[in-house]
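This is final.pdb. It holds PDB, C-alpha atoms (C1' of nucleotides).
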```
ATOM      1  CA  MET A   2     -32.422  54.360 -30.084
ATOM      2  CA  ASN A   3     -29.842  51.995 -31.400
ATOM      3  CA  SER A   4     -27.809  49.801 -29.139
ATOM      4  CA  ASN A   5     -24.112  49.445 -28.763
ATOM      5  CA  LEU A   6     -24.029  46.289 -30.825
ATOM      6  CA  GLU A   7     -26.360  47.731 -33.420
ATOM      7  CA  LYS A   8     -23.882  50.524 -34.015
ATOM      8  CA  LYS A   9     -21.071  48.038 -34.447
ATOM      9  CA  CYS A  10     -23.157  46.149 -36.977
ATOM     10  CA  MET A  11     -23.647  49.309 -39.005
ATOM     11  CA  GLU A  12     -19.946  50.092 -38.881
ATOM     12  CA  ARG A  13     -19.134  46.659 -40.195
ATOM     13  CA  GLY A  14     -21.812  46.580 -42.857
ATOM     14  CA  VAL A  15     -23.819  43.865 -41.175
ATOM     15  CA  ARG A  16     -27.323  44.052 -42.573
ATOM     16  CA  LEU A  17     -29.761  45.037 -39.861
ATOM     17  CA  THR A  18     -33.038  43.218 -39.676
ATOM     18  CA  ASP A  19     -35.616  43.664 -36.923
ATOM     19  CA  GLN A  20     -34.530  40.373 -35.404
ATOM     20  CA  ARG A  21     -30.863  41.285 -35.397
ATOM     21  CA  LYS A  22     -31.602  44.679 -33.901
ATOM     22  CA  LEU A  23     -33.498  43.038 -31.100
ATOM     23  CA  ILE A  24     -30.850  40.423 -30.417
ATOM     24  CA  ALA A  25     -28.210  43.162 -30.491
ATOM     25  CA  LYS A  26     -30.234  45.183 -28.021
ATOM     26  CA  ILE A  27     -30.694  42.290 -25.640
ATOM     27  CA  MET A  28     -27.026  41.368 -25.759
ATOM     28  CA  SER A  29     -25.988  44.972 -25.268
ATOM     29  CA  GLU A  30     -28.080  45.138 -22.140
ATOM     30  CA  SER A  31     -26.981  41.779 -20.769
ATOM     31  CA  LYS A  32     -24.357  41.949 -18.090
ATOM     32  CA  ASP A  33     -24.168  38.191 -17.695
ATOM     33  CA  HIS A  34     -23.200  35.380 -20.072
ATOM     34  CA  PRO A  35     -26.434  33.974 -21.485
ATOM     35  CA  ASP A  36     -26.642  30.852 -23.617
ATOM     36  CA  VAL A  37     -28.687  30.692 -26.809
ATOM     37  CA  ASP A  38     -31.793  29.417 -25.057
ATOM     38  CA  GLU A  39     -31.655  32.211 -22.563
ATOM     39  CA  LEU A  40     -31.156  34.790 -25.302
ATOM     40  CA  HIS A  41     -34.060  33.339 -27.211
ATOM     41  CA  GLN A  42     -36.299  33.659 -24.171
ATOM     42  CA  ARG A  43     -35.247  37.227 -23.492
ATOM     43  CA  VAL A  44     -35.750  38.213 -27.096
ATOM     44  CA  ASN A  45     -39.094  36.471 -27.239
ATOM     45  CA  LYS A  46     -40.439  38.752 -24.541
ATOM     46  CA  LEU A  47     -40.172  41.577 -27.057
ATOM     47  CA  ASP A  48     -41.007  39.618 -30.186
ATOM     48  CA  SER A  49     -42.400  36.161 -29.729
ATOM     49  CA  LYS A  50     -41.997  35.236 -33.372
ATOM     50  CA  ILE A  51     -38.204  35.107 -33.469
ATOM     51  CA  SER A  52     -37.076  31.535 -33.948
ATOM     52  CA  ILE A  53     -34.220  29.919 -32.125
ATOM     53  CA  ALA A  54     -32.562  29.198 -35.471
ATOM     54  CA  THR A  55     -32.306  32.922 -36.028
ATOM     55  CA  VAL A  56     -30.738  33.384 -32.629
ATOM     56  CA  TYR A  57     -28.182  30.707 -33.460
ATOM     57  CA  ARG A  58     -27.455  32.261 -36.824
ATOM     58  CA  THR A  59     -27.186  35.734 -35.356
ATOM     59  CA  VAL A  60     -24.811  34.987 -32.503
ATOM     60  CA  LYS A  61     -22.615  33.150 -34.953
ATOM     61  CA  LEU A  62     -22.716  36.094 -37.321
ATOM     62  CA  PHE A  63     -21.904  38.511 -34.517
ATOM     63  CA  GLU A  64     -19.098  36.300 -33.364
ATOM     64  CA  GLU A  65     -17.596  36.159 -36.842
ATOM     65  CA  ALA A  66     -17.892  39.925 -37.040
ATOM     66  CA  GLY A  67     -15.892  40.087 -33.833
ATOM     67  CA  ILE A  68     -18.560  41.885 -31.865
ATOM     68  CA  VAL A  69     -19.522  39.122 -29.473
ATOM     69  CA  GLU A  70     -17.513  36.390 -27.797
ATOM     70  CA  LYS A  71     -18.451  32.785 -27.387
ATOM     71  CA  HIS A  72     -17.425  30.768 -24.353
ATOM     72  CA  ASP A  73     -17.567  27.034 -23.888
ATOM     73  CA  PHE A  74     -17.141  26.592 -20.193
ATOM     74  CA  LYS A  75     -16.812  23.085 -18.858
ATOM     75  CA  GLY A  76     -19.920  20.989 -19.090
ATOM     76  CA  ASN A  77     -22.171  23.768 -20.299
ATOM     77  CA  LYS A  78     -23.648  24.906 -23.535
ATOM     78  CA  ALA A  79     -22.082  27.852 -25.310
ATOM     79  CA  ARG A  80     -22.486  31.238 -23.667
ATOM     80  CA  TYR A  81     -22.120  34.652 -25.201
ATOM     81  CA  GLU A  82     -21.141  38.134 -24.176
ATOM     82  CA  GLN A  83     -20.552  41.356 -26.025
ATOM     83  CA  SER A  84     -16.878  41.691 -26.923
ATOM     84  CA  PRO A  85     -15.395  43.680 -24.082
ATOM     85  CA  GLN A  86     -13.312  46.829 -24.371
ATOM     86  CA  GLU A  87     -10.389  45.144 -22.706
ATOM     87  CA  HIS A  88      -9.815  41.426 -22.593
ATOM     88  CA  HIS A  89     -10.706  39.505 -19.470
ATOM     89  CA  ASP A  90     -10.802  35.912 -18.318
ATOM     90  CA  HIS A  91     -13.331  34.073 -16.169
ATOM     91  CA  LEU A  92     -13.641  32.379 -12.837
ATOM     92  CA  ILE A  93     -16.599  30.028 -12.572
ATOM     93  CA  ASP A  94     -18.166  29.214  -9.212
ATOM     94  CA  ILE A  95     -18.493  25.435  -9.348
ATOM     95  CA  ASN A  96     -21.350  25.473  -6.867
ATOM     96  CA  THR A  97     -23.548  28.236  -8.181
ATOM     97  CA  GLY A  98     -22.407  28.590 -11.778
ATOM     98  CA  GLU A  99     -21.781  32.280 -11.197
ATOM     99  CA  ILE A 100     -19.222  33.745 -13.566
ATOM    100  CA  ILE A 101     -16.753  36.350 -12.402
ATOM    101  CA  GLU A 102     -14.585  38.303 -14.801
ATOM    102  CA  PHE A 103     -11.008  39.173 -13.995
ATOM    103  CA  VAL A 104      -7.955  40.697 -15.587
ATOM    104  CA  ASN A 105      -4.392  39.766 -14.807
ATOM    105  CA  GLU A 106      -1.675  41.340 -16.858
ATOM    106  CA  ASP A 107       1.076  39.159 -15.423
ATOM    107  CA  ILE A 108      -0.612  35.994 -16.581
ATOM    108  CA  GLU A 109      -1.200  37.499 -20.006
ATOM    109  CA  LYS A 110       2.463  38.332 -20.381
ATOM    110  CA  LEU A 111       3.581  34.926 -19.178
ATOM    111  CA  GLN A 112       1.316  33.206 -21.685
ATOM    112  CA  LYS A 113       2.888  35.154 -24.498
ATOM    113  CA  LYS A 114       6.324  34.316 -23.207
ATOM    114  CA  VAL A 115       5.547  30.616 -22.913
ATOM    115  CA  ALA A 116       4.259  30.508 -26.477
ATOM    116  CA  GLU A 117       7.315  32.299 -27.790
ATOM    117  CA  LYS A 118       9.673  30.040 -25.935
ATOM    118  CA  LEU A 119       7.984  27.132 -27.716
ATOM    119  CA  GLY A 120       8.444  28.868 -31.055
ATOM    120  CA  TYR A 121       4.879  30.093 -31.421
ATOM    121  CA  LYS A 122       3.135  33.381 -31.912
ATOM    122  CA  LEU A 123       0.250  33.534 -29.459
ATOM    123  CA  VAL A 124      -2.949  34.043 -31.442
ATOM    124  CA  ASP A 125      -5.609  33.185 -28.916
ATOM    125  CA  HIS A 126      -5.937  31.656 -25.501
ATOM    126  CA  ARG A 127      -8.409  30.320 -23.032
ATOM    127  CA  LEU A 128      -8.056  30.684 -19.298
ATOM    128  CA  GLU A 129     -10.791  29.581 -16.955
ATOM    129  CA  LEU A 130     -10.582  29.167 -13.216
ATOM    130  CA  TYR A 131     -13.044  26.929 -11.411
ATOM    131  CA  GLY A 132     -13.422  27.470  -7.717
ATOM    132  CA  SER A 133     -15.620  27.395  -4.665
ATOM    133  CA  LYS A 134     -16.341  30.338  -2.462
ATOM    134  CA  ILE A 135     -14.303  30.674   0.690
ATOM    135  CA  LYS A 136     -16.713  31.275   3.551
ATOM    136  CA  LYS A 137     -15.522  33.352   6.432
TER     137      LYS A 137
ATOM    138  CA  MET B  22       1.767  -7.890 -19.295
ATOM    139  CA  ASN B  23      -0.523  -5.346 -17.789
ATOM    140  CA  SER B  24      -0.357  -1.724 -18.756
ATOM    141  CA  ASN B  25       0.099   1.306 -16.655
ATOM    142  CA  LEU B  26      -3.583   2.123 -16.711
ATOM    143  CA  GLU B  27      -4.554  -1.477 -16.113
ATOM    144  CA  LYS B  28      -2.584  -1.381 -12.872
ATOM    145  CA  LYS B  29      -4.341   1.768 -11.811
ATOM    146  CA  CYS B  30      -7.683   0.134 -12.498
ATOM    147  CA  MET B  31      -6.783  -2.746 -10.245
ATOM    148  CA  GLU B  32      -5.649  -0.403  -7.493
ATOM    149  CA  ARG B  33      -8.954   1.406  -7.636
ATOM    150  CA  GLY B  34     -11.117  -1.673  -7.866
ATOM    151  CA  VAL B  35     -12.257  -0.983 -11.418
ATOM    152  CA  ARG B  36     -13.527  -4.224 -12.823
ATOM    153  CA  LEU B  37     -11.293  -5.338 -15.662
ATOM    154  CA  THR B  38     -12.939  -6.697 -18.760
ATOM    155  CA  ASP B  39     -11.078  -7.614 -21.934
ATOM    156  CA  GLN B  40     -12.334  -4.425 -23.564
ATOM    157  CA  ARG B  41     -11.174  -2.237 -20.722
ATOM    158  CA  LYS B  42      -7.791  -3.901 -20.633
ATOM    159  CA  LEU B  43      -7.361  -3.205 -24.298
ATOM    160  CA  ILE B  44      -8.465   0.404 -24.061
ATOM    161  CA  ALA B  45      -6.182   0.851 -21.063
ATOM    162  CA  LYS B  46      -3.299  -0.612 -23.033
ATOM    163  CA  ILE B  47      -3.893   1.618 -26.042
ATOM    164  CA  MET B  48      -4.186   4.721 -23.901
ATOM    165  CA  SER B  49      -1.077   3.815 -21.939
ATOM    166  CA  GLU B  50       0.868   3.555 -25.164
ATOM    167  CA  SER B  51      -0.547   6.734 -26.698
ATOM    168  CA  LYS B  52       1.713   9.722 -26.490
ATOM    169  CA  ASP B  53      -0.766  12.008 -28.224
ATOM    170  CA  HIS B  54      -4.299  13.150 -27.363
ATOM    171  CA  PRO B  55      -6.677  10.889 -29.275
ATOM    172  CA  ASP B  56     -10.422  11.441 -29.487
ATOM    173  CA  VAL B  57     -12.926   8.629 -29.006
ATOM    174  CA  ASP B  58     -13.089   7.792 -32.698
ATOM    175  CA  GLU B  59      -9.340   7.527 -32.898
ATOM    176  CA  LEU B  60      -9.220   5.351 -29.791
ATOM    177  CA  HIS B  61     -11.927   3.155 -31.210
ATOM    178  CA  GLN B  62      -9.934   2.673 -34.407
ATOM    179  CA  ARG B  63      -6.736   1.865 -32.551
ATOM    180  CA  VAL B  64      -8.494  -0.585 -30.299
ATOM    181  CA  ASN B  65     -10.278  -2.193 -33.213
ATOM    182  CA  LYS B  66      -6.971  -3.205 -34.762
ATOM    183  CA  LEU B  67      -6.575  -5.580 -31.839
ATOM    184  CA  ASP B  68     -10.214  -6.524 -31.363
ATOM    185  CA  SER B  69     -12.621  -5.528 -34.066
ATOM    186  CA  LYS B  70     -15.690  -6.333 -32.001
ATOM    187  CA  ILE B  71     -15.350  -3.547 -29.450
ATOM    188  CA  SER B  72     -18.142  -1.036 -29.958
ATOM    189  CA  ILE B  73     -17.741   2.702 -29.854
ATOM    190  CA  ALA B  74     -20.310   2.827 -27.041
ATOM    191  CA  THR B  75     -17.930   0.813 -24.910
ATOM    192  CA  VAL B  76     -15.102   3.178 -25.710
ATOM    193  CA  TYR B  77     -17.295   6.110 -24.656
ATOM    194  CA  ARG B  78     -18.311   4.348 -21.464
ATOM    195  CA  THR B  79     -14.757   3.370 -20.660
ATOM    196  CA  VAL B  80     -13.107   6.749 -21.130
ATOM    197  CA  LYS B  81     -15.812   8.251 -18.971
ATOM    198  CA  LEU B  82     -15.247   5.615 -16.329
ATOM    199  CA  PHE B  83     -11.486   6.152 -16.449
ATOM    200  CA  GLU B  84     -11.986   9.872 -16.203
ATOM    201  CA  GLU B  85     -14.213   9.521 -13.153
ATOM    202  CA  ALA B  86     -11.631   7.238 -11.605
ATOM    203  CA  GLY B  87      -9.121  10.016 -12.135
ATOM    204  CA  ILE B  88      -6.822   7.988 -14.333
ATOM    205  CA  VAL B  89      -7.374   9.780 -17.611
ATOM    206  CA  GLU B  90      -7.998  13.410 -18.472
ATOM    207  CA  LYS B  91     -10.498  14.781 -20.909
ATOM    208  CA  HIS B  92      -9.820  17.903 -22.941
ATOM    209  CA  ASP B  93     -12.297  19.954 -24.934
ATOM    210  CA  PHE B  94     -10.093  22.103 -27.066
ATOM    211  CA  LYS B  95     -11.744  24.758 -29.190
ATOM    212  CA  GLY B  96     -13.816  23.454 -32.042
ATOM    213  CA  ASN B  97     -12.855  19.839 -31.602
ATOM    214  CA  LYS B  98     -14.371  16.740 -30.133
ATOM    215  CA  ALA B  99     -13.189  15.605 -26.736
ATOM    216  CA  ARG B 100      -9.655  14.270 -26.538
ATOM    217  CA  TYR B 101      -8.121  12.074 -23.876
ATOM    218  CA  GLU B 102      -4.757  11.430 -22.317
ATOM    219  CA  GLN B 103      -3.543   9.359 -19.416
ATOM    220  CA  SER B 104      -3.439  11.496 -16.268
ATOM    221  CA  PRO B 105       0.095  12.791 -16.119
ATOM    222  CA  GLN B 106       2.446  12.569 -13.188
ATOM    223  CA  GLU B 107       2.655  16.322 -12.948
ATOM    224  CA  HIS B 108       0.083  18.725 -14.252
ATOM    225  CA  HIS B 109       0.659  20.450 -17.566
ATOM    226  CA  ASP B 110      -1.247  22.746 -19.889
ATOM    227  CA  HIS B 111      -1.450  22.774 -23.671
ATOM    228  CA  LEU B 112      -0.503  24.888 -26.630
ATOM    229  CA  ILE B 113      -2.420  24.048 -29.797
ATOM    230  CA  ASP B 114      -0.957  24.801 -33.213
ATOM    231  CA  ILE B 115      -3.870  26.449 -34.996
ATOM    232  CA  ASN B 116      -2.530  25.431 -38.400
ATOM    233  CA  THR B 117      -1.637  21.807 -37.858
ATOM    234  CA  GLY B 118      -3.644  20.895 -34.778
ATOM    235  CA  GLU B 119      -0.469  19.692 -33.110
ATOM    236  CA  ILE B 120      -0.662  19.761 -29.327
ATOM    237  CA  ILE B 121       2.327  20.736 -27.229
ATOM    238  CA  GLU B 122       2.427  20.263 -23.485
ATOM    239  CA  PHE B 123       4.030  22.786 -21.198
ATOM    240  CA  VAL B 124       4.459  23.552 -17.534
ATOM    241  CA  ASN B 125       4.720  27.006 -16.040
ATOM    242  CA  GLU B 126       4.819  27.287 -12.299
ATOM    243  CA  ASP B 127       4.528  31.062 -12.270
ATOM    244  CA  ILE B 128       1.206  30.961 -14.101
ATOM    245  CA  GLU B 129      -0.035  28.251 -11.768
ATOM    246  CA  LYS B 130       0.776  30.348  -8.732
ATOM    247  CA  LEU B 131      -0.804  33.450 -10.198
ATOM    248  CA  GLN B 132      -4.013  31.595 -10.944
ATOM    249  CA  LYS B 133      -4.255  30.484  -7.349
ATOM    250  CA  LYS B 134      -3.600  34.016  -6.209
ATOM    251  CA  VAL B 135      -6.225  35.500  -8.517
ATOM    252  CA  ALA B 136      -8.837  33.048  -7.283
ATOM    253  CA  GLU B 137      -8.023  33.788  -3.664
ATOM    254  CA  LYS B 138      -8.168  37.498  -4.210
ATOM    255  CA  LEU B 139     -11.703  36.992  -5.526
ATOM    256  CA  GLY B 140     -12.597  34.966  -2.447
ATOM    257  CA  TYR B 141     -12.367  31.543  -4.053
ATOM    258  CA  LYS B 142     -10.490  28.354  -3.481
ATOM    259  CA  LEU B 143      -9.085  27.225  -6.822
ATOM    260  CA  VAL B 144     -10.417  23.749  -7.537
ATOM    261  CA  ASP B 145      -9.689  23.341 -11.225
ATOM    262  CA  HIS B 146      -8.567  25.371 -14.155
ATOM    263  CA  ARG B 147      -8.200  25.334 -17.895
ATOM    264  CA  LEU B 148      -5.399  27.044 -19.733
ATOM    265  CA  GLU B 149      -4.977  26.629 -23.452
ATOM    266  CA  LEU B 150      -2.767  28.631 -25.753
ATOM    267  CA  TYR B 151      -3.503  28.774 -29.469
ATOM    268  CA  GLY B 152      -0.671  29.842 -31.713
ATOM    269  CA  SER B 153       1.034  29.601 -35.050
ATOM    270  CA  LYS B 154       4.582  28.503 -35.566
ATOM    271  CA  ILE B 155       7.164  31.223 -35.955
ATOM    272  CA  LYS B 156       9.237  30.393 -39.010
ATOM    273  CA  LYS B 157      12.825  31.515 -39.033
TER     274      LYS B 157
ATOM    275  C1'  DA C  13     -24.431 -16.855  -8.598
ATOM    276  C1'  DT C  14     -25.227 -12.488  -9.820
ATOM    277  C1'  DA C  15     -24.275  -7.776 -10.295
ATOM    278  C1'  DA C  16     -21.856  -5.451 -13.671
ATOM    279  C1'  DT C  17     -20.647  -4.932 -18.647
ATOM    280  C1'  DT C  18     -21.261  -5.315 -23.577
ATOM    281  C1'  DG C  19     -23.182  -4.456 -28.296
ATOM    282  C1'  DC C  20     -26.624  -2.729 -30.801
ATOM    283  C1'  DA C  21     -29.675   0.591 -32.148
ATOM    284  C1'  DA C  22     -32.492   4.134 -30.727
ATOM    285  C1'  DA C  23     -32.576   8.417 -28.205
ATOM    286  C1'  DT C  24     -30.627  12.702 -26.761
ATOM    287  C1'  DG C  25     -29.145  17.615 -26.754
ATOM    288  C1'  DC C  26     -27.123  21.246 -29.014
ATOM    289  C1'  DT C  27     -26.432  23.231 -33.283
ATOM    290  C1'  DT C  28     -26.803  23.634 -38.316
ATOM    291  C1'  DT C  29     -29.164  23.601 -42.674
ATOM    292  C1'  DG C  30     -32.497  23.151 -46.881
ATOM    293  C1'  DC C  31     -36.232  25.202 -48.545
ATOM    294  C1'  DT C  32     -39.849  28.541 -49.249
ATOM    295  C1'  DT C  33     -41.486  32.984 -48.119
ATOM    296  C1'  DG C  34     -40.436  37.551 -46.587
ATOM    297  C1'  DT C  35     -37.598  41.918 -46.507
ATOM    298  C1'  DG C  36     -33.759  45.585 -46.091
ATOM    299  C1'  DA C  37     -30.850  48.694 -48.785
TER     300       DA C  37
ATOM    301  C1'  DT D  17     -35.288  44.930 -57.449
ATOM    302  C1'  DC D  18     -33.124  40.983 -55.583
ATOM    303  C1'  DA D  19     -29.474  39.204 -52.834
ATOM    304  C1'  DC D  20     -29.916  38.123 -48.370
ATOM    305  C1'  DA D  21     -32.501  36.770 -44.001
ATOM    306  C1'  DA D  22     -36.230  34.348 -41.323
ATOM    307  C1'  DG D  23     -39.085  30.525 -39.916
ATOM    308  C1'  DC D  24     -39.966  25.923 -39.811
ATOM    309  C1'  DA D  25     -38.896  21.337 -39.629
ATOM    310  C1'  DA D  26     -35.620  18.041 -40.767
ATOM    311  C1'  DA D  27     -30.794  16.709 -40.509
ATOM    312  C1'  DG D  28     -26.197  16.395 -38.271
ATOM    313  C1'  DC D  29     -22.878  15.216 -34.924
ATOM    314  C1'  DA D  30     -20.988  13.753 -30.635
ATOM    315  C1'  DT D  31     -22.424  11.388 -26.881
ATOM    316  C1'  DT D  32     -25.600   8.695 -23.915
ATOM    317  C1'  DT D  33     -28.835   5.102 -22.845
ATOM    318  C1'  DG D  34     -32.432   1.007 -22.707
ATOM    319  C1'  DC D  35     -32.401  -3.594 -23.204
ATOM    320  C1'  DA D  36     -31.269  -8.412 -23.836
ATOM    321  C1'  DA D  37     -27.297 -11.271 -23.872
ATOM    322  C1'  DT D  38     -22.728 -12.058 -21.873
ATOM    323  C1'  DT D  39     -19.047 -12.101 -18.375
ATOM    324  C1'  DA D  40     -15.913 -11.154 -14.291
ATOM    325  C1'  DT D  41     -15.292 -12.127  -9.595
TER     326       DT D  41
END
```
What's the structure tokens form of this structure?
Amino acid sequence: MNSNLEKKCMERGVRLTDQRKLIAKIMSESKDHPDVDELHQRVNKLDSKISIATVYRTVKLFEEAGIVEKHDFKGNKARYEQSPQEHHDHLIDINTGEIIEFVNEDIEKLQKKVAEKLGYKLVDHRLELYGSKIKK
Amino acid sequence: MNSNLEKKCMERGVRLTDQRKLIAKIMSESKDHPDVDELHQRVNKLDSKISIATVYRTVKLFEEAGIVEKHDFKGNKARYEQSPQEHHDHLIDINTGEIIEFVNEDIEKLQKKVAEKLGYKLVDHRLELYGSKIKK
DNA sequence: ATAATTGCAAATGCTTTGCTTGTGA
DNA sequence: TCACAAGCAAAGCATTTGCAATTAT
């Protein structure tokens, strides 16, 4: 049974090794935003011989292939997630580290408009909200 | 003649050494977003004995005192600027690296709204646009 | 006077890389 | 077959830190 990401690799002609299949599987199943260490640990439960260097190389490869996204949230190491169907941004709970995904079309449009007003074509952007839970 | 940042240090009881005064002066005069290396070079033109460790320690100190801001734009080392009077975000030219500041109240409001809708109090945020110049 | 700061070099933490052996198409 | 990938350990890069000497208040 080949995972979501494994299929994308095949489509894009990314050579599939056992290690890559496993990393693809783990990332396909992950609903959070694991860092490389975390990925390495998860993968190692299935194959304890995979080195962390391979995990680093693979996430980079996947990122360059456009099938995973890398995030550098404030003060943390890089985190990864499978490239989503539709773009979203993130809100990070500054107390727990929990990451919440959100979509806001109005903000997206405004960003594009701002860039254009400055004479730029918007190619990429980064929007992160940092907040603390309102208790009620 | 004491610089803008030097005054703020005094107000906040930050002990003023010759090195700090110089770094404060350089940062007060900088209209761009220099990284630590760049700051070190600029400072060294006035006093070639200041170590890069001191520059690192000082920008961190200034940041914690709330008088300078640190930015980690994609793929670059940390850059610093004097804390501005009014908040702004940045657009980065992906071809030249040029950094353009902008303000957009609508986006600011929407961010706050999004956070609240998710049950969070917005404490901080990061908005960066990456674009390429439209030639005409 | 004395607690804080500096410079230096060594240490750190994350990430990348050279090299040799192994392997997918 | 054979170009490419993996594992390991070493290297790289930005940043931090321990320590002895110096300095601001």
Could you list, as a tab-separated table (two decimals) with C-alpha atoms (C1' of nucleotides), in the frame of the given file, every residue within 12 Å of D:DG34, counting all atoms listed in the file and ignoring same-chain residues fewer than 6 positions away?
```tsv
chain	number	residue	atom	x	y	z
C	20	DC	C1'	-26.62	-2.73	-30.80
C	21	DA	C1'	-29.68	0.59	-32.15
C	22	DA	C1'	-32.49	4.13	-30.73
C	23	DA	C1'	-32.58	8.42	-28.20
```
Have a look at atom C1' of C:DT28 and atom CA of A:Glu82 and let me know their distance in Å, one decimal.
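We find that atom C1' of C:DT28 and atom CA of A:Glu82 lie 21.0 Å from each other.
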Result set, the PyMOL selection byres ((chain A) within 12 of (chain B)) on current file, as a PDB file with C-alpha atoms, in the coordinates of the input:
```pdb
ATOM      1  CA  LYS A  71     -18.451  32.785 -27.387  1.00  0.00           C
ATOM      2  CA  HIS A  72     -17.425  30.768 -24.353  1.00  0.00           C
ATOM      3  CA  ASP A  73     -17.567  27.034 -23.888  1.00  0.00           C
ATOM      4  CA  PHE A  74     -17.141  26.592 -20.193  1.00  0.00           C
ATOM      5  CA  LYS A  75     -16.812  23.085 -18.858  1.00  0.00           C
ATOM      6  CA  GLY A  76     -19.920  20.989 -19.090  1.00  0.00           C
ATOM      7  CA  ASN A  77     -22.171  23.768 -20.299  1.00  0.00           C
ATOM      8  CA  ALA A  79     -22.082  27.852 -25.310  1.00  0.00           C
ATOM      9  CA  ASP A  90     -10.802  35.912 -18.318  1.00  0.00           C
ATOM     10  CA  HIS A  91     -13.331  34.073 -16.169  1.00  0.00           C
ATOM     11  CA  LEU A  92     -13.641  32.379 -12.837  1.00  0.00           C
ATOM     12  CA  ILE A  93     -16.599  30.028 -12.572  1.00  0.00           C
ATOM     13  CA  ASP A  94     -18.166  29.214  -9.212  1.00  0.00           C
ATOM     14  CA  ILE A  95     -18.493  25.435  -9.348  1.00  0.00           C
ATOM     15  CA  ASN A  96     -21.350  25.473  -6.867  1.00  0.00           C
ATOM     16  CA  GLU A  99     -21.781  32.280 -11.197  1.00  0.00           C
ATOM     17  CA  ILE A 100     -19.222  33.745 -13.566  1.00  0.00           C
ATOM     18  CA  ILE A 101     -16.753  36.350 -12.402  1.00  0.00           C
ATOM     19  CA  GLU A 102     -14.585  38.303 -14.801  1.00  0.00           C
ATOM     20  CA  PHE A 103     -11.008  39.173 -13.995  1.00  0.00           C
ATOM     21  CA  VAL A 104      -7.955  40.697 -15.587  1.00  0.00           C
ATOM     22  CA  ASN A 105      -4.392  39.766 -14.807  1.00  0.00           C
ATOM     23  CA  GLU A 106      -1.675  41.340 -16.858  1.00  0.00           C
ATOM     24  CA  ASP A 107       1.076  39.159 -15.423  1.00  0.00           C
ATOM     25  CA  ILE A 108      -0.612  35.994 -16.581  1.00  0.00           C
ATOM     26  CA  GLU A 109      -1.200  37.499 -20.006  1.00  0.00           C
ATOM     27  CA  LYS A 110       2.463  38.332 -20.381  1.00  0.00           C
ATOM     28  CA  LEU A 111       3.581  34.926 -19.178  1.00  0.00           C
ATOM     29  CA  GLN A 112       1.316  33.206 -21.685  1.00  0.00           C
ATOM     30  CA  LYS A 113       2.888  35.154 -24.498  1.00  0.00           C
ATOM     31  CA  LYS A 114       6.324  34.316 -23.207  1.00  0.00           C
ATOM     32  CA  VAL A 115       5.547  30.616 -22.913  1.00  0.00           C
ATOM     33  CA  ALA A 116       4.259  30.508 -26.477  1.00  0.00           C
ATOM     34  CA  GLU A 117       7.315  32.299 -27.790  1.00  0.00           C
ATOM     35  CA  LYS A 118       9.673  30.040 -25.935  1.00  0.00           C
ATOM     36  CA  LEU A 119       7.984  27.132 -27.716  1.00  0.00           C
ATOM     37  CA  GLY A 120       8.444  28.868 -31.055  1.00  0.00           C
ATOM     38  CA  TYR A 121       4.879  30.093 -31.421  1.00  0.00           C
ATOM     39  CA  LYS A 122       3.135  33.381 -31.912  1.00  0.00           C
ATOM     40  CA  LEU A 123       0.250  33.534 -29.459  1.00  0.00           C
ATOM     41  CA  VAL A 124      -2.949  34.043 -31.442  1.00  0.00           C
ATOM     42  CA  ASP A 125      -5.609  33.185 -28.916  1.00  0.00           C
ATOM     43  CA  HIS A 126      -5.937  31.656 -25.501  1.00  0.00           C
ATOM     44  CA  ARG A 127      -8.409  30.320 -23.032  1.00  0.00           C
ATOM     45  CA  LEU A 128      -8.056  30.684 -19.298  1.00  0.00           C
ATOM     46  CA  GLU A 129     -10.791  29.581 -16.955  1.00  0.00           C
ATOM     47  CA  LEU A 130     -10.582  29.167 -13.216  1.00  0.00           C
ATOM     48  CA  TYR A 131     -13.044  26.929 -11.411  1.00  0.00           C
ATOM     49  CA  GLY A 132     -13.422  27.470  -7.717  1.00  0.00           C
ATOM     50  CA  SER A 133     -15.620  27.395  -4.665  1.00  0.00           C
ATOM     51  CA  LYS A 134     -16.341  30.338  -2.462  1.00  0.00           C
ATOM     52  CA  ILE A 135     -14.303  30.674   0.690  1.00  0.00           C
ATOM     53  CA  LYS A 136     -16.713  31.275   3.551  1.00  0.00           C
ATOM     54  CA  LYS A 137     -15.522  33.352   6.432  1.00  0.00           C
TER      55      LYS A 137
END
```
Taking only C-alpha atoms (C1' of nucleotides) into account and nothing else, which residues of chain B lie no more than 8 Å away from chain C? Please answer as a ChimeraX atom specification.
/B:38,71-72,74-75
Take the residues just selected and output them with C-alpha atoms as a PDB file, in the coordinates of the input.
```pdb
ATOM      1  CA  THR B  38     -12.939  -6.697 -18.760  1.00  0.00           C
ATOM      2  CA  ILE B  71     -15.350  -3.547 -29.450  1.00  0.00           C
ATOM      3  CA  SER B  72     -18.142  -1.036 -29.958  1.00  0.00           C
ATOM      4  CA  ALA B  74     -20.310   2.827 -27.041  1.00  0.00           C
ATOM      5  CA  THR B  75     -17.930   0.813 -24.910  1.00  0.00           C
TER       6      THR B  75
END
```
What does the distance between atom C1' of D:DA26 and atom CA of A:Arg58 come to in Å, to one decimal place?
16.9 Å
Hey, what's within 12 Å of A:Lys8 if we count only C-alpha atoms (C1' of nucleotides) and toss same-chain stuff fewer than 5 positions away? As a list of chain:residue names, please?
A:Met2, A:Asn3, A:Arg13, A:Gly14, A:Val15, A:Arg16, A:Leu17, A:Arg21, A:Lys22, A:Ala25, A:Lys26, A:Ser29, A:Ile68
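Within 12 Å of chain B, chain D contributes the residues D:DC29, D:DA30, D:DT31, D:DT32, D:DT33, D:DT38, D:DT39, D:DA40, D:DT41, using all atoms listed in the file.
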Would you compute an axis-aligned box for stretch 102-120 of chain B, covering every atom listed for it in the file with 4 Å of margin on each side, and report centre and edge lengths in Å to one decimal as lines of an AutoDock Vina configuration file?
```
center_x = -1.1
center_y = 17.9
center_z = -25.7
size_x = 15.4
size_y = 25.1
size_z = 33.5
```
